[in-house]
>>> print(open('start.cif').read())   # mmCIF, C-alpha atoms and all ligand atoms
data_query
#
loop_
_atom_site.group_PDB
_atom_site.id
_atom_site.type_symbol
_atom_site.label_atom_id
_atom_site.label_comp_id
_atom_site.auth_asym_id
_atom_site.auth_seq_id
_atom_site.Cartn_x
_atom_site.Cartn_y
_atom_site.Cartn_z
ATOM 1 C CA MET C 25 -15.230 -8.042 33.575
ATOM 2 C CA LYS C 26 -16.762 -8.791 36.970
ATOM 3 C CA THR C 27 -15.073 -7.160 39.939
ATOM 4 C CA LEU C 28 -15.083 -7.984 43.648
ATOM 5 C CA VAL C 29 -13.546 -5.785 46.334
ATOM 6 C CA ILE C 30 -12.565 -7.603 49.526
ATOM 7 C CA ILE C 31 -12.393 -5.012 52.297
ATOM 8 C CA VAL C 32 -10.324 -5.834 55.364
ATOM 9 C CA HIS C 33 -10.539 -3.231 58.156
ATOM 10 C CA PRO C 34 -10.727 -4.324 61.809
ATOM 11 C CA ASP C 35 -12.215 -1.012 62.984
ATOM 12 C CA MET C 36 -14.524 0.171 60.232
ATOM 13 C CA GLN C 37 -16.637 2.143 62.738
ATOM 14 C CA HIS C 38 -13.773 4.585 63.261
ATOM 15 C CA SER C 39 -12.525 4.581 59.671
ATOM 16 C CA ARG C 40 -12.488 7.746 57.602
ATOM 17 C CA VAL C 41 -10.978 6.588 54.313
ATOM 18 C CA ASN C 42 -11.884 2.910 53.965
ATOM 19 C CA ARG C 43 -15.458 3.696 54.982
ATOM 20 C CA LEU C 44 -15.768 6.397 52.305
ATOM 21 C CA TRP C 45 -14.252 4.030 49.730
ATOM 22 C CA MET C 46 -16.637 1.250 50.777
ATOM 23 C CA ASP C 47 -19.702 3.542 50.594
ATOM 24 C CA SER C 48 -18.641 4.793 47.141
ATOM 25 C CA LEU C 49 -18.097 1.248 45.832
ATOM 26 C CA MET C 50 -21.595 0.310 46.989
ATOM 27 C CA LYS C 51 -23.073 3.408 45.296
ATOM 28 C CA GLU C 52 -21.307 2.344 42.090
ATOM 29 C CA ASP C 53 -22.889 -1.117 42.426
ATOM 30 C CA ILE C 54 -19.508 -2.805 42.648
ATOM 31 C CA ASP C 55 -19.625 -6.095 44.569
ATOM 32 C CA ILE C 56 -17.896 -5.922 47.936
ATOM 33 C CA ILE C 57 -17.399 -8.058 50.990
ATOM 34 C CA ASP C 58 -16.369 -6.668 54.359
ATOM 35 C CA LEU C 59 -14.262 -9.522 55.717
ATOM 36 C CA TYR C 60 -14.238 -8.478 59.394
ATOM 37 C CA ALA C 61 -18.027 -7.939 59.344
ATOM 38 C CA LEU C 62 -18.513 -11.337 57.684
ATOM 39 C CA TYR C 63 -16.183 -13.159 60.064
ATOM 40 C CA PRO C 64 -16.136 -11.278 63.400
ATOM 41 C CA GLU C 65 -14.810 -14.422 65.114
ATOM 42 C CA SER C 66 -12.158 -14.872 62.373
ATOM 43 C CA LYS C 67 -13.623 -18.240 61.349
ATOM 44 C CA ILE C 68 -13.450 -17.963 57.577
ATOM 45 C CA ASN C 69 -15.764 -20.272 55.618
ATOM 46 C CA VAL C 70 -13.123 -21.504 53.206
ATOM 47 C CA ALA C 71 -15.467 -23.316 50.786
ATOM 48 C CA THR C 72 -17.727 -20.237 50.520
ATOM 49 C CA GLU C 73 -14.780 -17.940 49.856
ATOM 50 C CA GLN C 74 -13.172 -20.286 47.323
ATOM 51 C CA GLU C 75 -16.510 -20.579 45.495
ATOM 52 C CA ARG C 76 -17.054 -16.807 45.622
ATOM 53 C CA LEU C 77 -13.775 -16.029 43.855
ATOM 54 C CA LEU C 78 -14.720 -18.230 40.894
ATOM 55 C CA ASN C 79 -17.445 -15.703 39.942
ATOM 56 C CA TYR C 80 -15.011 -12.813 39.442
ATOM 57 C CA ASP C 81 -12.267 -11.905 36.963
ATOM 58 C CA LYS C 82 -10.883 -8.988 38.950
ATOM 59 C CA ILE C 83 -10.369 -8.967 42.713
ATOM 60 C CA ILE C 84 -9.177 -5.969 44.715
ATOM 61 C CA PHE C 85 -7.987 -6.284 48.306
ATOM 62 C CA GLN C 86 -8.717 -3.041 50.165
ATOM 63 C CA PHE C 87 -7.169 -2.402 53.579
ATOM 64 C CA PRO C 88 -5.459 0.133 55.833
ATOM 65 C CA PHE C 89 -1.672 -0.276 55.982
ATOM 66 C CA TYR C 90 -0.855 -1.704 59.425
ATOM 67 C CA TRP C 91 2.769 -2.227 60.436
ATOM 68 C CA TYR C 92 3.928 -2.210 56.825
ATOM 69 C CA SER C 93 1.425 -4.883 55.868
ATOM 70 C CA SER C 94 -2.277 -5.705 55.967
ATOM 71 C CA PRO C 95 -4.488 -6.311 58.994
ATOM 72 C CA PRO C 96 -4.181 -9.959 60.114
ATOM 73 C CA LEU C 97 -7.464 -11.279 58.708
ATOM 74 C CA LEU C 98 -6.167 -10.811 55.158
ATOM 75 C CA LYS C 99 -3.085 -12.912 55.917
ATOM 76 C CA GLN C 100 -5.377 -15.557 57.420
ATOM 77 C CA TYR C 101 -7.621 -15.363 54.343
ATOM 78 C CA LEU C 102 -4.677 -15.977 52.011
ATOM 79 C CA ASP C 103 -3.373 -18.841 54.173
ATOM 80 C CA GLU C 104 -6.772 -20.543 54.345
ATOM 81 C CA VAL C 105 -8.361 -19.769 50.951
ATOM 82 C CA PHE C 106 -5.405 -19.942 48.541
ATOM 83 C CA LEU C 107 -4.936 -23.686 49.131
ATOM 84 C CA TYR C 108 -3.005 -26.474 47.440
ATOM 85 C CA ASN C 109 -4.916 -27.838 44.443
ATOM 86 C CA TYR C 110 -7.111 -24.720 44.461
ATOM 87 C CA ALA C 111 -4.703 -21.832 43.973
ATOM 88 C CA TYR C 112 -1.496 -23.803 43.340
ATOM 89 C CA GLY C 113 -0.333 -27.390 42.885
ATOM 90 C CA PRO C 114 -1.128 -29.802 40.018
ATOM 91 C CA GLU C 115 -4.908 -29.122 40.111
ATOM 92 C CA GLY C 116 -4.578 -25.644 41.541
ATOM 93 C CA THR C 117 -5.510 -23.491 38.599
ATOM 94 C CA LYS C 118 -8.720 -21.866 39.882
ATOM 95 C CA LEU C 119 -7.296 -18.359 40.174
ATOM 96 C CA LYS C 120 -4.986 -18.572 37.181
ATOM 97 C CA GLY C 121 -5.464 -15.698 34.751
ATOM 98 C CA LYS C 122 -7.569 -13.628 37.155
ATOM 99 C CA SER C 123 -6.462 -10.079 37.931
ATOM 100 C CA PHE C 124 -5.654 -8.927 41.447
ATOM 101 C CA GLY C 125 -5.003 -5.415 42.745
ATOM 102 C CA ILE C 126 -4.612 -3.574 46.037
ATOM 103 C CA GLY C 127 -6.337 -0.477 47.413
ATOM 104 C CA VAL C 128 -4.436 0.688 50.472
ATOM 105 C CA THR C 129 -4.755 3.612 52.871
ATOM 106 C CA VAL C 130 -1.483 4.711 54.385
ATOM 107 C CA GLY C 131 -0.902 6.847 57.472
ATOM 108 C CA SER C 132 2.401 8.439 56.435
ATOM 109 C CA ASN C 133 2.999 10.771 53.541
ATOM 110 C CA GLU C 134 4.193 9.570 50.130
ATOM 111 C CA ALA C 135 7.655 11.138 50.603
ATOM 112 C CA ASP C 136 8.210 8.913 53.655
ATOM 113 C CA TYR C 137 7.865 5.865 51.408
ATOM 114 C CA SER C 138 11.106 6.164 49.477
ATOM 115 C CA GLU C 139 14.627 4.896 50.052
ATOM 116 C CA GLU C 140 15.618 8.369 51.309
ATOM 117 C CA GLY C 141 12.416 8.814 53.319
ATOM 118 C CA SER C 142 11.806 7.960 56.981
ATOM 119 C CA ASN C 143 10.447 4.468 56.198
ATOM 120 C CA HIS C 144 13.436 3.601 53.930
ATOM 121 C CA PHE C 145 11.330 1.470 51.588
ATOM 122 C CA THR C 146 8.902 2.242 48.802
ATOM 123 C CA LEU C 147 5.303 1.103 49.106
ATOM 124 C CA GLU C 148 5.868 -0.999 45.998
ATOM 125 C CA THR C 149 8.627 -2.899 47.811
ATOM 126 C CA LEU C 150 6.603 -3.277 50.996
ATOM 127 C CA LEU C 151 3.628 -4.641 49.046
ATOM 128 C CA SER C 152 5.806 -7.074 47.079
ATOM 129 C CA PRO C 153 4.763 -10.177 49.126
ATOM 130 C CA PHE C 154 1.260 -9.677 47.694
ATOM 131 C CA GLU C 155 2.684 -9.322 44.204
ATOM 132 C CA ALA C 156 4.730 -12.508 44.718
ATOM 133 C CA THR C 157 1.599 -14.337 45.884
ATOM 134 C CA PHE C 158 -0.406 -13.295 42.812
ATOM 135 C CA ASN C 159 2.533 -14.272 40.636
ATOM 136 C CA TYR C 160 2.782 -17.687 42.324
ATOM 137 C CA ILE C 161 -0.863 -18.529 41.604
ATOM 138 C CA GLY C 162 -0.571 -17.469 37.966
ATOM 139 C CA ALA C 163 -2.709 -14.336 38.346
ATOM 140 C CA ASN C 164 -2.044 -10.871 36.907
ATOM 141 C CA TYR C 165 -1.043 -8.103 39.286
ATOM 142 C CA LEU C 166 -2.777 -4.811 38.562
ATOM 143 C CA GLY C 167 -0.617 -2.871 41.014
ATOM 144 C CA TYR C 168 -1.987 -0.746 43.823
ATOM 145 C CA TYR C 169 -3.743 2.518 44.471
ATOM 146 C CA ALA C 170 -2.680 4.255 47.689
ATOM 147 C CA GLN C 171 -4.182 7.119 49.632
ATOM 148 C CA TYR C 172 -1.239 8.488 51.593
ATOM 149 C CA GLY C 173 -1.170 10.812 54.575
ATOM 150 C CA THR C 174 -4.310 9.528 56.264
ATOM 151 C CA ALA C 175 -2.773 9.986 59.716
ATOM 152 C CA TYR C 176 -1.697 13.570 58.959
ATOM 153 C CA ASN C 177 -3.478 16.488 57.413
ATOM 154 C CA LEU C 178 -5.341 14.872 54.552
ATOM 155 C CA THR C 179 -8.020 17.385 53.588
ATOM 156 C CA ASP C 180 -11.590 16.503 52.640
ATOM 157 C CA GLU C 181 -10.847 17.751 49.115
ATOM 158 C CA GLU C 182 -7.835 15.430 48.782
ATOM 159 C CA LEU C 183 -9.880 12.583 50.199
ATOM 160 C CA ILE C 184 -12.699 13.110 47.687
ATOM 161 C CA GLU C 185 -10.254 13.452 44.789
ATOM 162 C CA GLY C 186 -8.439 10.271 45.897
ATOM 163 C CA ASN C 187 -11.741 8.444 46.197
ATOM 164 C CA LYS C 188 -12.546 9.238 42.556
ATOM 165 C CA VAL C 189 -9.184 7.900 41.400
ATOM 166 C CA TYR C 190 -9.666 4.774 43.522
ATOM 167 C CA ILE C 191 -13.096 4.061 41.989
ATOM 168 C CA THR C 192 -11.561 4.384 38.505
ATOM 169 C CA PHE C 193 -8.752 2.009 39.563
ATOM 170 C CA VAL C 194 -11.304 -0.549 40.784
ATOM 171 C CA LYS C 195 -13.483 -0.285 37.679
HETATM 172 C C1 LIG F 1 -2.152 -0.925 64.205
HETATM 173 C C2 LIG F 1 -1.849 0.168 63.232
HETATM 174 C C3 LIG F 1 -0.681 0.089 62.487
HETATM 175 C C4 LIG F 1 -0.381 1.075 61.529
HETATM 176 N N1 LIG F 1 0.767 0.956 60.800
HETATM 177 C C5 LIG F 1 1.047 1.881 59.865
HETATM 178 C C6 LIG F 1 2.232 1.749 59.069
HETATM 179 O O1 LIG F 1 2.999 0.786 59.182
HETATM 180 N N2 LIG F 1 2.490 2.725 58.155
HETATM 181 C C7 LIG F 1 1.655 3.794 57.971
HETATM 182 O O2 LIG F 1 1.953 4.631 57.107
HETATM 183 N N3 LIG F 1 0.506 3.917 58.692
HETATM 184 C C8 LIG F 1 0.193 2.991 59.637
HETATM 185 N N4 LIG F 1 -0.961 3.112 60.361
HETATM 186 C C9 LIG F 1 -1.938 4.165 60.025
HETATM 187 C C10 LIG F 1 -3.067 3.581 59.188
HETATM 188 O O3 LIG F 1 -2.584 3.169 57.921
HETATM 189 C C11 LIG F 1 -4.198 4.599 59.035
HETATM 190 O O4 LIG F 1 -4.766 4.737 60.320
HETATM 191 C C12 LIG F 1 -5.265 4.153 58.059
HETATM 192 O O5 LIG F 1 -4.751 4.119 56.751
HETATM 193 C C13 LIG F 1 -6.443 5.115 58.090
HETATM 194 O O6 LIG F 1 -7.492 4.567 57.304
HETATM 195 P P1 LIG F 1 -8.988 4.583 57.849
HETATM 196 O O7 LIG F 1 -9.424 6.033 57.938
HETATM 197 O O8 LIG F 1 -9.801 3.833 56.835
HETATM 198 O O9 LIG F 1 -8.980 3.901 59.179
HETATM 199 C C14 LIG F 1 -1.273 2.163 61.331
HETATM 200 C C15 LIG F 1 -2.443 2.242 62.112
HETATM 201 C C16 LIG F 1 -2.723 1.261 63.048
HETATM 202 C C17 LIG F 1 -4.006 1.371 63.851
#
>>> encode(input="start.cif", output="structure tokens", more="lines below")
Ligand SMILES: Cc1cc2nc3c(=O)[nH]c(=O)nc-3n(C[C@H](O)[C@H](O)[C@H](O)COP(=O)(O)O)c2cc1C
Amino acid sequence: MKTLVIIVHPDMQHSRVNRLWMDSLMKEDIDIIDLYALYPESKINVATEQERLLNYDKIIFQFPFYWYSSPPLLKQYLDEVFLYNYAYGPEGTKLKGKSFGIGVTVGSNEADYSEEGSNHFTLETLLSPFEATFNYIGANYLGYYAQYGTAYNLTDEELIEGNKVYITFVK
């Protein structure tokens, strides 16, 4: 199964977690694209990206959690790449049967992402628009892997342990 990780971080230079994940994916020879590096002016080449996806069975979107969602370039990517008669519609079967997953880094701690916690919603619920999108295009949803607590006191040991689990999730 061929895997692509689409990384979407607007400030990779100052990233701790997504940068480590990206470096580890490259060391493991897993195909990646860094969407903000590829399109610094946010002008996505739609034909190139549609063609690219055809080569993969498994696609992971990796991003930092920003305002309970993804950074904006991923929303733009979905709007512009997952088009009628490509991803949906009578001829839109190109992504059908592929598997999609999410790798997300989250500032708050896991306990904050529960109905009783400070954010009032689980991460599963907050990520459900992605799940609905994959469902709509006839793809399989692999779920998500989250590294919580990145804005608090995440230790290097926890980070390295989480990185290992993430690589296994991607593979
Ligand atoms: C604009 C912005 C919005 C953010 N929104 C959230 C949020 O809604 N929930 C949360 O837990 N963390 C939030 N954070 C924290 C990021 O998720 C955190 O900085 C990121 O996961 C760290 O990953 P990195 O080391 O790869 O940059 C936000 C950070 C920024 C800059």
>>> closest_residue(input="start.cif", among="C:Val194, C:Ile161, C:Leu151, C:Leu78", to="C:Thr27", atoms="only C-alpha atoms")
C:Val194
>>> residues_near_ligand(input="start.cif", ligand="ligand LIG 1 (chain F)", cutoff="6 Å", atoms="only C-alpha atoms and all ligand atoms", output="list of chain:residue names")
C:Ser39, C:Arg40, C:Val41, C:Asn42, C:Arg43, C:Pro88, C:Phe89, C:Tyr90, C:Trp91, C:Tyr92, C:Thr129, C:Val130, C:Gly131, C:Ser132, C:Thr174, C:Ala175
>>> residues_around(input="start.cif", residues="stretch 126-128 of chain C", least_positions_apart="4", cutoff="6 Å", atoms="all atoms listed in the file", output="number ranges by chain")
C: 84-88, 168-170
>>> write_last_selection(input="start.cif", atoms="C-alpha atoms", output="tab-separated table (two decimals), keeping the file's coordinate frame")
chain	number	residue	atom	x	y	z
C	84	ILE	CA	-9.18	-5.97	44.72
C	85	PHE	CA	-7.99	-6.28	48.31
C	86	GLN	CA	-8.72	-3.04	50.16
C	87	PHE	CA	-7.17	-2.40	53.58
C	88	PRO	CA	-5.46	0.13	55.83
C	168	TYR	CA	-1.99	-0.75	43.82
C	169	TYR	CA	-3.74	2.52	44.47
C	170	ALA	CA	-2.68	4.26	47.69
>>> resolve_selection(input="start.cif", expression="the PyMOL selection byres (((chain C and resi 80) around 12) and not hetatm)", output="ChimeraX atom specification")
/C:25-30,54-56,73-79,81-84,118-124
>>> atom_distance(input="start.cif", atom1="atom CA of C:Asn133", atom2="atom CA of C:Leu150")
14.7 Å
>>> residues_around(input="start.cif", residues="stretch 146-149 of chain C", least_positions_apart="6", cutoff="7 Å", atoms="only C-alpha atoms", output="ChimeraX atom specification")
/C:137-139
>>> write_last_selection(input="start.cif", atoms="C-alpha atoms", output="CSV table (one decimal), in the frame of the given file")
chain,number,residue,atom,x,y,z
C,137,TYR,CA,7.9,5.9,51.4
C,138,SER,CA,11.1,6.2,49.5
C,139,GLU,CA,14.6,4.9,50.1
>>> closest_residue(input="start.cif", among="C:Tyr160, C:Tyr60, C:Phe193, C:Tyr172", to="C:Pro34", atoms="only C-alpha atoms")
C:Tyr60
>>> resolve_selection(input="start.cif", expression="the PyMOL selection byres (((chain C and resi 157) around 12) and not hetatm)", output="ChimeraX atom specification")
/C:99,102-103,106-107,111-112,119-120,124-125,151-156,158-165
>>> residues_around(input="start.cif", residues="C:Glu185", least_positions_apart="5", cutoff="12 Å", atoms="only C-alpha atoms", output="PyMOL selection string")
chain C and resi 41+44-45+171+178-180+190-192
